[in-house]
Amino acid sequence: MAIYEHNLVTLASYDYETVAAGQTNQVIGVTGATGDRLERVLVAVTTAATSTFSIIDGSTTVFAGTANIPIGVYDLTFQLLSTAGSWKATTGAGVALTVIGRFT
């Protein structure tokens, strides 16, 4: 039980930002910057056919979810620091994200 409680405290110290369906290169954080920490992404798929999404470091795609992800909610762990500018996210019409980390 103590480990679970510690994880909740750790996550409480992070920022989060939502990315609605149909967004293109939404900057995560107010301005975003090199060194921002991307901890986790919660992926909520509502329509499998349009469930594409990507996580971008500056202008480099570090993760791309393809179409036809089954409807549901997925928890992806990244634990990455940005090396090329702000984190950005792009979402298809059938998916929304909650991005968790430390962002400027």
# chains A, B, ... in the order shown; residues from 1 in each chain; ligands from 1
call {"tool": "residues_around", "arguments": {"residues": "stretch 61-73 of chain A", "least_positions_apart": "6", "cutoff": "9 Å", "atoms": "only C-alpha atoms", "output": "number ranges by chain"}}
result
A: 42-55, 92
call {"tool": "write_last_selection", "arguments": {"atoms": "C-alpha atoms", "output": "mmCIF file, in the first residue's frame"}}
result
data_model
loop_
_atom_site.group_PDB
_atom_site.id
_atom_site.type_symbol
_atom_site.label_atom_id
_atom_site.label_comp_id
_atom_site.auth_asym_id
_atom_site.auth_seq_id
_atom_site.Cartn_x
_atom_site.Cartn_y
_atom_site.Cartn_z
ATOM 1 C CA LEU A 42 -3.605 8.925 -21.136
ATOM 2 C CA VAL A 43 -5.177 8.099 -24.488
ATOM 3 C CA ALA A 44 -8.988 8.060 -24.759
ATOM 4 C CA VAL A 45 -10.139 6.473 -28.008
ATOM 5 C CA THR A 46 -13.780 7.053 -28.948
ATOM 6 C CA THR A 47 -13.656 6.085 -32.638
ATOM 7 C CA ALA A 48 -11.170 3.432 -33.727
ATOM 8 C CA ALA A 49 -11.041 4.469 -37.401
ATOM 9 C CA THR A 50 -9.815 7.988 -36.524
ATOM 10 C CA SER A 51 -7.667 7.163 -33.491
ATOM 11 C CA THR A 52 -4.336 8.397 -34.846
ATOM 12 C CA PHE A 53 -2.204 10.597 -32.606
ATOM 13 C CA SER A 54 1.408 11.627 -32.241
ATOM 14 C CA ILE A 55 3.725 12.967 -29.556
ATOM 15 C CA GLY A 92 -7.222 12.502 -34.890
#
call {"tool": "select_by_dssp", "arguments": {"residues": "stretch 13-74 of chain A", "states": "strand (DSSP E)", "output": "ChimeraX atom specification"}}
result
/A:15-19,26-27,37-45,53-57,60-65,72-74
call {"tool": "residues_around", "arguments": {"residues": "stretch 77-88 of chain A", "least_positions_apart": "3", "cutoff": "10 Å", "atoms": "only C-alpha atoms", "output": "ChimeraX atom specification"}}
result
/A:19,24-42,54-63,74,99-104
call {"tool": "atom_distance", "arguments": {"atom1": "atom CA of A:Thr90", "atom2": "atom CA of A:Tyr16"}}
result
15.9 Å
call {"tool": "select_by_dssp", "arguments": {"residues": "chain A", "states": "alpha helix (DSSP H)", "output": "MDAnalysis selection string"}}
result
chainID A and resid 2:12
call {"tool": "write_last_selection", "arguments": {"atoms": "N, CA and C atoms", "output": "CSV table (one decimal), in the first residue's frame"}}
result
chain,number,residue,atom,x,y,z
A,2,ALA,N,2.0,1.2,0.7
A,2,ALA,CA,2.8,2.4,0.8
A,2,ALA,C,3.4,2.8,-0.6
A,3,ILE,N,3.7,1.9,-1.4
A,3,ILE,CA,4.2,2.2,-2.8
A,3,ILE,C,3.1,2.9,-3.6
A,4,TYR,N,1.9,2.4,-3.5
A,4,TYR,CA,0.8,3.0,-4.3
A,4,TYR,C,0.6,4.4,-3.8
A,5,GLU,N,0.6,4.7,-2.5
A,5,GLU,CA,0.4,6.0,-2.0
A,5,GLU,C,1.6,7.0,-2.5
A,6,HIS,N,2.8,6.4,-2.5
A,6,HIS,CA,3.9,7.2,-3.0
A,6,HIS,C,3.7,7.6,-4.4
A,7,ASN,N,3.3,6.7,-5.2
A,7,ASN,CA,3.0,7.0,-6.7
A,7,ASN,C,2.0,8.1,-6.8
A,8,LEU,N,0.9,8.1,-6.0
A,8,LEU,CA,-0.1,9.2,-6.1
A,8,LEU,C,0.5,10.5,-5.7
A,9,VAL,N,1.4,10.6,-4.7
A,9,VAL,CA,2.0,11.8,-4.3
A,9,VAL,C,2.9,12.3,-5.4
A,10,THR,N,3.7,11.4,-6.0
A,10,THR,CA,4.6,11.8,-7.1
A,10,THR,C,3.8,12.3,-8.3
A,11,LEU,N,2.7,11.7,-8.7
A,11,LEU,CA,1.9,12.2,-9.8
A,11,LEU,C,1.3,13.5,-9.5
A,12,ALA,N,0.9,13.7,-8.2
A,12,ALA,CA,0.3,15.0,-7.9
A,12,ALA,C,1.2,16.2,-8.1
